[in-house]
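For reference, my_file-v9.txt (compact mmCIF, C-alpha atoms and all ligand atoms):
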```txt
# COMPACT_ATOMS: atom_id res chain seq x y z
CA MET A 1 96.64 43.66 43.12
CA SER A 2 100.30 44.53 43.13
CA LYS A 3 101.37 47.99 44.15
CA THR A 4 101.23 50.63 41.43
CA PHE A 5 102.76 54.07 41.15
CA GLN A 6 100.16 55.18 38.61
CA VAL A 7 97.23 57.38 39.58
CA ASP A 8 94.32 55.82 41.53
CA ASP A 9 90.68 56.31 40.59
CA LYS A 10 90.34 59.27 42.93
CA GLY A 11 93.22 61.15 41.33
CA TYR A 12 95.85 60.40 43.98
CA TYR A 13 99.36 59.00 44.02
CA GLY A 14 99.62 57.68 47.58
CA GLU A 15 98.74 60.71 49.69
CA PHE A 16 99.61 63.20 46.92
CA GLY A 17 97.48 64.70 44.16
CA GLY A 18 93.72 65.26 44.09
CA ALA A 19 91.85 68.28 42.77
CA TYR A 20 91.61 71.23 45.13
CA VAL A 21 89.89 73.81 42.94
CA PRO A 22 87.55 76.74 43.58
CA GLU A 23 83.82 75.94 43.47
CA ILE A 24 83.41 77.83 40.19
CA LEU A 25 85.83 75.47 38.39
CA TYR A 26 84.37 72.28 39.84
CA ALA A 27 82.15 71.46 36.84
CA THR A 28 84.91 72.31 34.33
CA VAL A 29 87.45 70.05 36.01
CA GLU A 30 84.85 67.28 36.38
CA ASN A 31 84.10 67.56 32.67
CA LEU A 32 87.80 67.32 31.81
CA LYS A 33 88.09 64.32 34.13
CA LYS A 34 85.26 62.55 32.30
CA SER A 35 86.49 63.48 28.81
CA TYR A 36 90.25 63.09 28.74
CA LEU A 37 90.68 59.31 28.72
CA PRO A 38 88.00 58.45 26.14
CA ILE A 39 89.44 61.13 23.83
CA LEU A 40 93.13 60.30 24.39
CA GLU A 41 92.39 56.63 23.75
CA SER A 42 90.23 57.17 20.65
CA GLU A 43 91.64 56.09 17.29
CA GLU A 44 90.91 59.51 15.80
CA PHE A 45 92.92 61.34 18.47
CA LYS A 46 95.80 58.87 18.32
CA LYS A 47 96.13 59.18 14.56
CA GLU A 48 96.27 62.99 14.61
CA TYR A 49 98.56 63.05 17.64
CA TYR A 50 101.07 60.48 16.35
CA ASP A 51 101.07 62.01 12.84
CA LEU A 52 101.94 65.42 14.29
CA LEU A 53 104.58 63.95 16.61
CA LYS A 54 106.20 62.33 13.58
CA ASP A 55 105.98 65.00 10.89
CA TYR A 56 105.81 68.21 12.94
CA VAL A 57 107.87 67.47 16.05
CA GLY A 58 110.30 65.11 14.29
CA ARG A 59 109.79 62.00 16.38
CA PRO A 60 110.96 59.44 17.27
CA SER A 61 113.78 61.33 18.96
CA PRO A 62 117.06 59.37 18.71
CA LEU A 63 118.42 57.19 21.49
CA TYR A 64 122.13 57.88 21.22
CA TYR A 65 124.92 55.72 22.69
CA ALA A 66 127.33 58.18 24.31
CA LYS A 67 130.61 56.32 24.07
CA ARG A 68 133.02 58.74 25.71
CA MET A 69 130.70 59.49 28.63
CA SER A 70 130.06 55.74 29.04
CA ASP A 71 133.79 55.14 29.39
CA LYS A 72 134.09 57.93 31.91
CA TYR A 73 131.22 56.78 34.15
CA GLY A 74 131.78 53.02 33.77
CA CYS A 75 128.37 52.12 32.34
CA LYS A 76 126.53 51.97 29.01
CA LEU A 77 125.03 55.43 28.71
CA TYR A 78 122.28 56.19 26.20
CA LEU A 79 120.92 59.71 25.76
CA LYS A 80 117.25 60.20 24.85
CA ARG A 81 117.46 63.26 22.62
CA GLU A 82 114.39 65.40 23.39
CA ASP A 83 116.64 68.36 22.60
CA LEU A 84 116.17 67.56 18.90
CA ASN A 85 112.39 68.15 18.94
CA HIS A 86 110.78 71.11 17.18
CA THR A 87 111.02 74.12 19.58
CA GLY A 88 113.97 72.48 21.33
CA ALA A 89 112.54 70.46 24.20
CA HIS A 90 110.02 67.86 25.32
CA LYS A 91 107.30 70.42 26.12
CA ILE A 92 105.79 70.27 22.62
CA ASN A 93 104.76 66.59 23.12
CA ASN A 94 102.33 67.80 25.76
CA THR A 95 101.02 71.00 24.15
CA ILE A 96 100.17 69.19 20.90
CA GLY A 97 98.17 66.62 22.83
CA GLN A 98 96.34 69.17 24.95
CA ILE A 99 95.37 71.41 22.05
CA LEU A 100 93.93 68.42 20.14
CA LEU A 101 91.97 67.53 23.28
CA ALA A 102 90.77 71.15 23.65
CA LYS A 103 89.47 71.16 20.08
CA LYS A 104 87.67 67.86 20.52
CA MET A 105 86.04 69.24 23.68
CA GLY A 106 84.76 72.21 21.67
CA LYS A 107 86.95 74.83 23.38
CA THR A 108 87.74 77.97 21.38
CA ARG A 109 90.34 79.81 23.48
CA ILE A 110 93.64 78.72 25.02
CA ILE A 111 95.36 80.09 28.12
CA ALA A 112 98.69 79.09 29.65
CA GLU A 113 101.15 80.21 32.30
CA THR A 114 104.87 80.37 31.75
CA GLY A 115 107.97 81.11 33.80
CA ALA A 116 111.02 81.08 31.57
CA GLY A 117 108.79 81.15 28.51
CA GLN A 118 109.50 77.62 27.26
CA HIS A 119 105.97 76.35 27.90
CA GLY A 120 104.59 79.66 26.61
CA VAL A 121 106.46 79.19 23.34
CA ALA A 122 105.37 75.55 23.03
CA THR A 123 101.75 76.61 23.61
CA ALA A 124 101.91 79.60 21.25
CA THR A 125 103.40 77.29 18.62
CA VAL A 126 100.51 74.81 18.65
CA CYS A 127 97.97 77.66 18.80
CA ALA A 128 99.47 79.08 15.60
CA LEU A 129 99.33 75.61 14.07
CA MET A 130 95.66 75.14 15.04
CA ASP A 131 94.57 78.76 14.54
CA MET A 132 93.40 79.21 18.15
CA PRO A 133 93.59 82.47 20.15
CA CYS A 134 96.21 82.21 22.89
CA VAL A 135 96.80 84.21 26.06
CA VAL A 136 99.99 83.53 28.03
CA TYR A 137 100.39 84.80 31.60
CA GLN A 138 103.95 85.53 32.62
CA GLY A 139 105.35 87.30 35.69
CA ALA A 140 106.46 90.84 34.81
CA LEU A 141 109.97 90.10 36.11
CA ASP A 142 110.18 87.04 33.86
CA VAL A 143 108.89 89.07 30.89
CA GLN A 144 111.94 91.30 31.39
CA ARG A 145 114.40 88.45 32.00
CA GLN A 146 113.17 86.25 29.14
CA HIS A 147 112.92 88.83 26.41
CA THR A 148 113.65 86.50 23.48
CA ASN A 149 110.94 84.03 24.42
CA VAL A 150 108.45 86.89 24.83
CA GLU A 151 109.24 88.01 21.29
CA ARG A 152 108.89 84.46 20.00
CA MET A 153 105.44 84.10 21.61
CA LYS A 154 104.32 87.41 20.12
CA MET A 155 105.66 86.49 16.70
CA LEU A 156 103.64 83.28 16.93
CA GLY A 157 100.54 85.38 17.53
CA ALA A 158 100.04 84.91 21.27
CA GLU A 159 99.10 87.71 23.64
CA VAL A 160 101.55 87.85 26.55
CA ARG A 161 100.03 89.35 29.71
CA PRO A 162 102.65 90.46 32.25
CA VAL A 163 101.58 89.77 35.85
CA THR A 164 102.58 92.39 38.41
CA SER A 165 101.28 90.78 41.63
CA GLY A 166 103.49 89.04 44.23
CA ASN A 167 107.08 88.41 43.18
CA MET A 168 106.08 88.77 39.53
CA THR A 169 107.28 85.25 38.64
CA LEU A 170 105.80 81.84 37.75
CA LYS A 171 103.70 81.30 40.88
CA ASP A 172 101.95 84.65 40.30
CA ALA A 173 101.46 83.93 36.59
CA THR A 174 99.82 80.61 37.52
CA ASN A 175 97.45 82.34 39.95
CA GLU A 176 96.45 84.77 37.22
CA ALA A 177 95.87 81.98 34.68
CA ILE A 178 93.61 80.20 37.20
CA ARG A 179 91.72 83.48 37.73
CA ASP A 180 91.19 83.80 33.96
CA TRP A 181 89.98 80.18 33.82
CA CYS A 182 87.47 80.91 36.58
CA CYS A 183 86.04 83.79 34.47
CA HIS A 184 85.79 81.75 31.24
CA PRO A 185 85.28 78.14 32.31
CA SER A 186 83.05 77.12 29.39
CA ASP A 187 85.00 78.27 26.30
CA THR A 188 88.59 78.29 27.60
CA PHE A 189 91.06 75.40 27.84
CA TYR A 190 93.96 75.84 30.26
CA ILE A 191 97.09 74.12 28.89
CA ILE A 192 99.28 73.29 31.90
CA GLY A 193 102.95 72.73 31.10
CA SER A 194 103.97 70.03 33.55
CA THR A 195 102.70 67.15 35.69
CA VAL A 196 101.24 69.60 38.20
CA GLY A 197 97.85 71.17 38.90
CA PRO A 198 94.58 69.45 39.84
CA HIS A 199 93.74 65.91 38.75
CA PRO A 200 93.51 64.95 35.88
CA TYR A 201 96.38 67.20 34.72
CA PRO A 202 99.30 65.24 36.21
CA ASP A 203 98.03 61.98 34.71
CA MET A 204 97.09 63.63 31.41
CA VAL A 205 100.49 65.30 30.98
CA ALA A 206 102.31 62.09 32.00
CA ARG A 207 100.37 60.16 29.34
CA LEU A 208 101.14 62.75 26.67
CA GLN A 209 104.84 62.64 27.58
CA SER A 210 104.86 58.83 27.83
CA ILE A 211 105.79 58.74 24.13
CA ILE A 212 109.35 59.13 25.50
CA SER A 213 109.39 55.78 27.32
CA LYS A 214 107.31 54.12 24.60
CA GLU A 215 110.11 54.93 22.15
CA ILE A 216 112.85 53.96 24.63
CA LYS A 217 111.36 50.44 24.82
CA VAL A 218 111.46 49.96 21.05
CA GLN A 219 114.89 51.58 20.66
CA LEU A 220 116.50 49.54 23.46
CA GLN A 221 115.05 46.34 22.02
CA GLU A 222 116.71 47.23 18.70
CA LYS A 223 120.04 48.24 20.20
CA ILE A 224 120.62 45.82 23.07
CA GLY A 225 118.04 43.09 22.47
CA ARG A 226 116.02 43.80 25.60
CA ASP A 227 113.44 46.51 26.18
CA TYR A 228 114.44 47.87 29.61
CA PRO A 229 117.47 49.63 31.07
CA ASN A 230 118.95 49.26 34.55
CA TYR A 231 118.64 52.98 35.21
CA LEU A 232 116.46 55.81 33.98
CA MET A 233 117.63 59.34 34.74
CA ALA A 234 115.94 62.73 34.25
CA CYS A 235 115.74 66.20 35.74
CA VAL A 236 112.60 67.36 37.56
CA GLY A 237 111.04 70.79 37.69
CA GLY A 238 107.32 70.04 37.76
CA GLY A 239 108.21 66.59 36.51
CA SER A 240 106.89 66.12 32.97
CA ASN A 241 110.02 64.94 31.13
CA ALA A 242 110.81 62.61 34.03
CA ALA A 243 107.23 61.27 34.08
CA GLY A 244 107.40 60.61 30.33
CA THR A 245 110.78 58.89 30.71
CA VAL A 246 109.61 56.50 33.43
CA TYR A 247 105.94 56.05 32.45
CA HIS A 248 106.11 52.54 30.97
CA TYR A 249 108.64 51.36 33.57
CA ILE A 250 107.20 52.88 36.72
CA ASP A 251 105.96 49.53 38.09
CA ASP A 252 108.92 47.52 36.75
CA ASN A 253 111.30 46.90 39.65
CA ARG A 254 114.15 45.86 37.38
CA VAL A 255 114.52 49.53 36.47
CA LYS A 256 115.99 51.98 38.96
CA ILE A 257 114.83 55.60 38.72
CA VAL A 258 117.18 58.51 39.43
CA LEU A 259 115.81 62.06 39.51
CA ALA A 260 117.76 65.32 39.69
CA GLU A 261 116.17 68.41 41.19
CA ALA A 262 117.64 71.90 41.22
CA GLY A 263 119.58 72.53 44.41
CA GLY A 264 120.38 76.13 43.46
CA LYS A 265 123.06 77.28 45.90
CA GLY A 266 122.38 74.18 48.06
CA CYS A 267 119.22 72.46 49.28
CA ASP A 268 119.68 73.64 52.87
CA THR A 269 120.74 77.22 52.08
CA GLY A 270 117.26 78.65 51.54
CA HIS A 271 118.36 79.51 47.99
CA THR A 272 117.07 76.39 46.29
CA ALA A 273 114.41 74.81 44.10
CA ALA A 274 114.95 71.31 45.54
CA THR A 275 111.32 70.79 46.57
CA ILE A 276 111.59 67.08 47.39
CA HIS A 277 114.48 67.80 49.78
CA ALA A 278 113.29 71.10 51.21
CA GLY A 279 109.48 70.96 50.87
CA ARG A 280 106.66 69.95 53.20
CA LEU A 281 103.15 68.67 52.51
CA GLY A 282 100.90 71.47 51.31
CA ILE A 283 98.50 72.46 48.57
CA LEU A 284 99.77 74.30 45.51
CA HIS A 285 97.90 75.04 42.29
CA GLY A 286 95.12 72.59 43.00
CA ALA A 287 97.12 69.57 44.16
CA LYS A 288 98.30 68.19 47.48
CA THR A 289 102.04 67.77 47.15
CA LEU A 290 105.40 68.77 48.57
CA VAL A 291 105.75 72.55 48.63
CA MET A 292 108.58 74.84 49.68
CA GLN A 293 107.00 77.03 52.34
CA THR A 294 107.78 79.15 55.36
CA PRO A 295 106.96 77.72 58.84
CA ASP A 296 103.58 79.52 58.68
CA GLY A 297 102.72 78.11 55.25
CA GLN A 298 103.59 80.96 52.86
CA ILE A 299 104.88 79.68 49.52
CA MET A 300 108.61 80.35 49.16
CA GLU A 301 110.26 81.58 45.99
CA ALA A 302 112.29 78.86 44.25
CA GLU A 303 115.89 79.78 43.43
CA THR A 304 118.06 78.20 40.76
CA LEU A 305 120.12 79.37 37.79
CA SER A 306 117.87 77.19 35.68
CA ALA A 307 114.66 79.02 34.77
CA GLY A 308 112.82 75.83 33.78
CA LEU A 309 113.30 74.18 37.18
CA ASP A 310 112.27 77.26 39.12
CA TYR A 311 109.09 75.95 40.78
CA PRO A 312 108.32 75.71 44.53
CA GLY A 313 106.20 72.56 44.06
CA ILE A 314 106.64 69.15 42.46
CA GLY A 315 104.32 66.77 40.64
CA PRO A 316 102.40 64.40 42.93
CA ILE A 317 103.74 61.42 40.93
CA HIS A 318 107.29 62.31 41.93
CA ALA A 319 106.46 63.26 45.52
CA ASN A 320 105.02 59.76 45.88
CA MET A 321 107.89 58.00 44.09
CA ALA A 322 110.33 59.78 46.41
CA GLU A 323 108.38 59.07 49.58
CA GLN A 324 107.96 55.38 48.68
CA HIS A 325 111.67 55.13 47.71
CA ARG A 326 110.72 54.15 44.16
CA ALA A 327 113.04 56.91 42.94
CA THR A 328 116.36 58.17 44.27
CA VAL A 329 116.37 61.96 44.16
CA TYR A 330 119.56 64.00 44.10
CA SER A 331 119.76 67.73 44.63
CA ILE A 332 122.17 69.17 42.05
CA ASN A 333 123.60 72.61 42.70
CA ASP A 334 124.06 75.34 40.08
CA ASP A 335 127.82 74.85 39.83
CA GLU A 336 127.50 71.07 39.38
CA ALA A 337 124.94 71.55 36.60
CA VAL A 338 127.02 74.14 34.73
CA LYS A 339 130.07 71.90 34.94
CA ALA A 340 128.07 68.93 33.63
CA ALA A 341 126.81 71.04 30.71
CA TYR A 342 130.41 71.84 29.69
CA GLU A 343 131.36 68.20 30.12
CA LEU A 344 128.59 66.91 27.83
CA THR A 345 129.42 69.64 25.34
CA ARG A 346 133.13 68.76 25.23
CA MET A 347 132.77 64.98 25.40
CA GLU A 348 129.80 64.40 23.09
CA GLY A 349 129.33 67.68 21.20
CA ILE A 350 125.89 68.22 22.69
CA ILE A 351 125.08 71.53 24.41
CA PRO A 352 122.23 70.62 26.77
CA ALA A 353 119.63 72.90 28.34
CA LEU A 354 120.69 73.90 31.84
CA GLU A 355 117.70 71.94 33.17
CA SER A 356 118.90 68.76 31.44
CA ALA A 357 122.46 69.35 32.71
CA HIS A 358 121.15 68.62 36.22
CA ALA A 359 120.40 65.05 35.12
CA VAL A 360 123.87 64.76 33.56
CA ALA A 361 125.46 65.93 36.82
CA ALA A 362 123.67 63.15 38.69
CA LEU A 363 125.84 60.60 36.83
CA ASN A 364 128.51 61.50 39.36
CA LYS A 365 126.34 60.43 42.29
CA VAL A 366 125.53 56.87 41.23
CA LYS A 367 127.82 53.81 41.54
CA PHE A 368 127.31 51.91 38.28
CA ASN A 369 128.42 48.43 37.26
CA PRO A 370 130.12 48.25 33.86
CA GLU A 371 127.20 46.21 32.47
CA ASP A 372 124.55 48.71 33.59
CA VAL A 373 122.46 50.21 30.80
CA VAL A 374 121.57 53.79 31.67
CA VAL A 375 119.08 55.91 29.74
CA LEU A 376 119.30 59.62 30.52
CA THR A 377 116.82 62.07 29.02
CA VAL A 378 118.28 65.26 27.58
CA SER A 379 115.07 67.27 27.97
CA GLY A 380 116.13 70.27 25.88
CA ARG A 381 118.87 72.01 23.95
CA GLY A 382 121.12 74.67 25.39
CA ASP A 383 120.91 77.45 22.81
CA LYS A 384 118.78 79.48 25.23
CA ASP A 385 121.38 79.05 28.00
CA VAL A 386 124.59 79.98 26.22
CA GLU A 387 124.75 83.40 27.91
CA THR A 388 124.26 81.82 31.34
CA TYR A 389 126.99 79.28 30.59
CA LEU A 390 129.39 82.04 29.58
CA GLU A 391 128.60 84.17 32.64
CA HIS A 392 129.33 81.19 34.88
CA LYS A 393 132.24 79.56 33.12
CA ASP A 394 134.22 79.92 36.37
CA MET A 395 132.11 76.98 37.61
CA ALA A 396 133.70 74.80 34.93
CA GLU A 397 137.33 75.90 35.17
CA GLU A 398 138.74 72.70 33.73
CA TYR A 399 136.96 73.52 30.48
CA GLY A 400 137.90 77.20 30.64
CA ASN A 401 140.42 77.36 27.80
CA PHE A 402 138.40 79.80 25.73
C1 LIG B 1 110.51 73.15 31.32
C2 LIG B 1 111.71 72.33 31.18
C3 LIG B 1 112.08 71.37 32.16
C4 LIG B 1 111.34 71.18 33.44
O1 LIG B 1 110.02 70.75 33.32
P1 LIG B 1 109.55 69.28 33.67
O2 LIG B 1 108.07 69.38 33.64
O3 LIG B 1 110.08 68.93 35.03
O4 LIG B 1 110.08 68.37 32.63
C5 LIG B 1 113.19 70.58 31.94
N1 LIG B 1 113.94 70.73 30.84
C6 LIG B 1 113.64 71.64 29.88
C7 LIG B 1 114.53 71.75 28.70
C8 LIG B 1 112.52 72.47 30.02
O5 LIG B 1 112.24 73.36 29.08
```

Could you quickly redo this structure as structure tokens?
Ligand SMILES: *Cc1c(COP(=O)(O)O)cnc(C)c1O
Amino acid sequence: MSKTFQVDDKGYYGEFGGAYVPEILYATVENLKKSYLPILESEEFKKEYYDLLKDYVGRPSPLYYAKRMSDKYGCKLYLKREDLNHTGAHKINNTIGQILLAKKMGKTRIIAETGAGQHGVATATVCALMDMPCVVYQGALDVQRQHTNVERMKMLGAEVRPVTSGNMTLKDATNEAIRDWCCHPSDTFYIIGSTVGPHPYPDMVARLQSIISKEIKVQLQEKIGRDYPNYLMACVGGGSNAAGTVYHYIDDNRVKIVLAEAGGKGCDTGHTAATIHAGRLGILHGAKTLVMQTPDGQIMEAETLSAGLDYPGIGPIHANMAEQHRATVYSINDDEAVKAAYELTRMEGIIPALESAHAVAALNKVKFNPEDVVVLTVSGRGDKDVETYLEHKDMAEEYGNF
């Protein structure tokens, strides 16, 4: 059999992945492992899922030929517009799928963790839609910093529980969500927001996001008469928008994969979220993967201007793609990302999420041929980041005439 970058039957990607969960969750995770594929592949699930993606989320998201940026970077650049989805990012593709799965498994209560609040909002949204009770754990510091998203979650009917342990950020919220899950394993479904956590979550989330590359295939065929690009580009926090972007191309060597992680102030400054560059093998939230940690194994706080990339781990899919050189991974610093956001805004009239701007900034790092077809996923819209962009407009001086 030829080499594959998809999950193996034990839940691993190379040496990464697996399910390292407390004894009390063993049966719950086993049950999920047995149930998820038969349900996801059933006709009944697919009909409900694709109907909601179409009429509720607004899919397919456009594949837009960015002419001015193409001229600038000397390639044929297409933007996959996940920013145009309902709730403003790709995260809803995953939460819709997981809540349908939860219902089919007979679960009656939803929990989630959130950092910036984007996954919390996407989860609260589908819980309102499906009339399911929803508890979102969020670090107390993030509750303060992300006030608008907290209000959105509450308006949608979710209960937001501020977490006051540790640094009061995402890592602590995740620990608390796992603790809740341990107390209510039979009735509660834990909706994880990225390709992280114990197997089968990374594979399940990648499949639910794979609608992105499924559409890219059809759209490229229509636009250029062939169904694959030369390059796929995406930003990585936990890795879900990138996993969805590459899913149907991951074993296709004609397609190069370029990932952008958040360098923060620089990947060797200690003020970074560039896990693939700065992390070492460890176990985080139930999976063996690369983790940013101190020499004695304490998890380090991730640092980046971009709240959605602020995670000290990385999905096992991406750790493996990086280690096997299937993907080229660039660390993009805060100032490069802010500048790229202004550039996309001024050249194409698209204000991207700060997370997505990391992928845009990576265009600078690659040497393209003029014939190269590049598909870059714009994972979300930048409305939520306008204040950050204004505060840091010194990082984009050439666009500073305002
Ligand atoms: C959450 C988020 C990300 C990072 O998450 P991934 O799982 O790595 O995709 C990227 N972009 C946006 C807009 C987000 O909201």

Cut-off 7 Å, all atoms listed in the file, neighbours of ligand LIG 1 (chain B) as a PyMOL selection string: chain A and resi 89-91+118-119+193-195+235-242+308-309+353+355-356+379-381

Distance in Å - atom CA of Thr114 of chain A versus atom CA of Thr169 of chain A: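 Rounded to one decimal, the two atoms are 8.8 Å apart.
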
Computed interatomic separation between atom CA of Gly166 of chain A and atom CA of Gln138 of chain A (Å):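 Value for the atom CA of Gly166 of chain A-atom CA of Gln138 of chain A distance: 12.1 Å.
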
Expected answer as a list of chain:residue names: all residues with atoms within 6 Å of (94.2, 59.2, 37.3), only C-alpha atoms: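 Looking at atoms near the point gives A:Val7, A:Asp8, A:Asp9, A:Gly11, A:Pro200, A:Asp203.
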
Å distance separating atom CA of Thr272 of chain A from atom CA of Gln324 of chain A, one decimal place: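 If I compute the distance from atom CA of Thr272 of chain A to atom CA of Gln324 of chain A, I get 23.0 Å.
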
Shortest interatomic distance to Gly263 of chain A - which of A:Met168, A:Ile216, A:Leu208, A:Ala361, counting all atoms listed in the file: A:Ala361

Residue list as JSON, numbers by chain for point (101.8, 61.9, 17.9), cut-off 12 Å, only C-alpha atoms: {"A": [40, 43, 44, 45, 46, 47, 48, 49, 50, 51, 52, 53, 54, 55, 56, 57, 58, 59, 60, 92, 93, 94, 95, 96, 97, 98, 100, 207, 208, 209, 210, 211, 212, 214, 215]}

Nearby residues (only C-alpha atoms) at most 10 Å from Tyr137 of chain A, same-chain spacing under 5 positions excluded, as a PyMOL selection string: chain A and resi 111-115+117+120+143+159-163+169-170+172-178+180

Residues near Pro22 of chain A, cut-off 12 Å, only C-alpha atoms, skip fewer than 6 positions along chain, as a list in words: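 Near neighbours after the sequence-gap exclusion: Thr28, Val29, Asn175, Ile178, Arg179, Trp181, Cys182, Cys183, Pro185, Pro198, His285, Gly286 and Ala287 of chain A.
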
Shell around Lys365 of chain A at 12 Å using only C-alpha atoms, local window under 2 positions removed, as a PyMOL selection string: chain A and resi 73+233+258-260+328-332+336+358-363+367-368

Nearest to Glu398 of chain A by atom-to-atom distance, counting only C-alpha atoms, from A:Asp227, A:Glu343, A:Asp83, A:Asp296: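 Closest residue, counting only C-alpha atoms: A:Glu343.
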
Which of A:Ser42, A:Thr164, A:Thr275, A:Asn369 sits closest to Ile299 of chain A [using only C-alpha atoms]: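 Between A:Ser42, A:Thr164, A:Thr275, A:Asn369, the residue approaching Ile299 of chain A most closely is A:Thr275.
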
Non-local contacts of Lys3 of chain A (12 Å; all atoms listed in the file; under 5 positions in same chain excluded) as a PyMOL selection string: chain A and resi 8+13-14+250-253+321+324+326

C-alpha atoms of the current selection, written as a JSON list (two decimals), in the coordinates of the input:
```json
[["chain", "number", "residue", "atom", "x", "y", "z"],
["A", 8, "ASP", "CA", 94.32, 55.82, 41.53],
["A", 13, "TYR", "CA", 99.36, 59.00, 44.02],
["A", 14, "GLY", "CA", 99.62, 57.68, 47.58],
["A", 250, "ILE", "CA", 107.20, 52.88, 36.72],
["A", 251, "ASP", "CA", 105.96, 49.53, 38.09],
["A", 252, "ASP", "CA", 108.92, 47.52, 36.75],
["A", 253, "ASN", "CA", 111.30, 46.90, 39.65],
["A", 321, "MET", "CA", 107.89, 58.00, 44.09],
["A", 324, "GLN", "CA", 107.96, 55.38, 48.68],
["A", 326, "ARG", "CA", 110.72, 54.15, 44.16]]
```

Selection: 10 Å around Leu305 of chain A, only C-alpha atoms, excl. self and same-chain fewer than 6 positions, as a list in words: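 These residues fall inside the cut-off: Ala262, Gly263, Gly264, Lys265, Thr272, Ala273, Asn333, Asp334, Asp335, Ala337, Val338, Leu354, Glu355, Asp385, Thr388, Tyr389 and His392 of chain A.
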
Counting all atoms listed in the file, the option among A:His248, A:Arg81, A:His147, A:Arg226 closest to Ala116 of chain A: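 Ranked by minimum distance to Ala116 of chain A, first place goes to A:His147.
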
Counting only C-alpha atoms, the option among A:Leu390, A:Leu63, A:Leu376, A:Met105 closest to Glu222 of chain A: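 Of A:Leu390, A:Leu63, A:Leu376, A:Met105, the one nearest Glu222 of chain A is A:Leu63, counting only C-alpha atoms.
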
Kindly compute an axis-aligned box around the listed atoms of segment 270-276 of chain A, allowing 5 Å on each side, and express its centre and edge lengths in Å to one decimal as AutoDock Vina command-line options.
```
--center_x 114.8 --center_y 73.3 --center_z 47.8 --size_x 17.0 --size_y 22.4 --size_z 17.4
```

Selected residue of minimal separation from Ile257 of chain A among A:Val21, A:Leu156, A:Leu77, A:Ala243, counting only C-alpha atoms: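 Counting only C-alpha atoms, the residue closest to Ile257 of chain A is A:Ala243.
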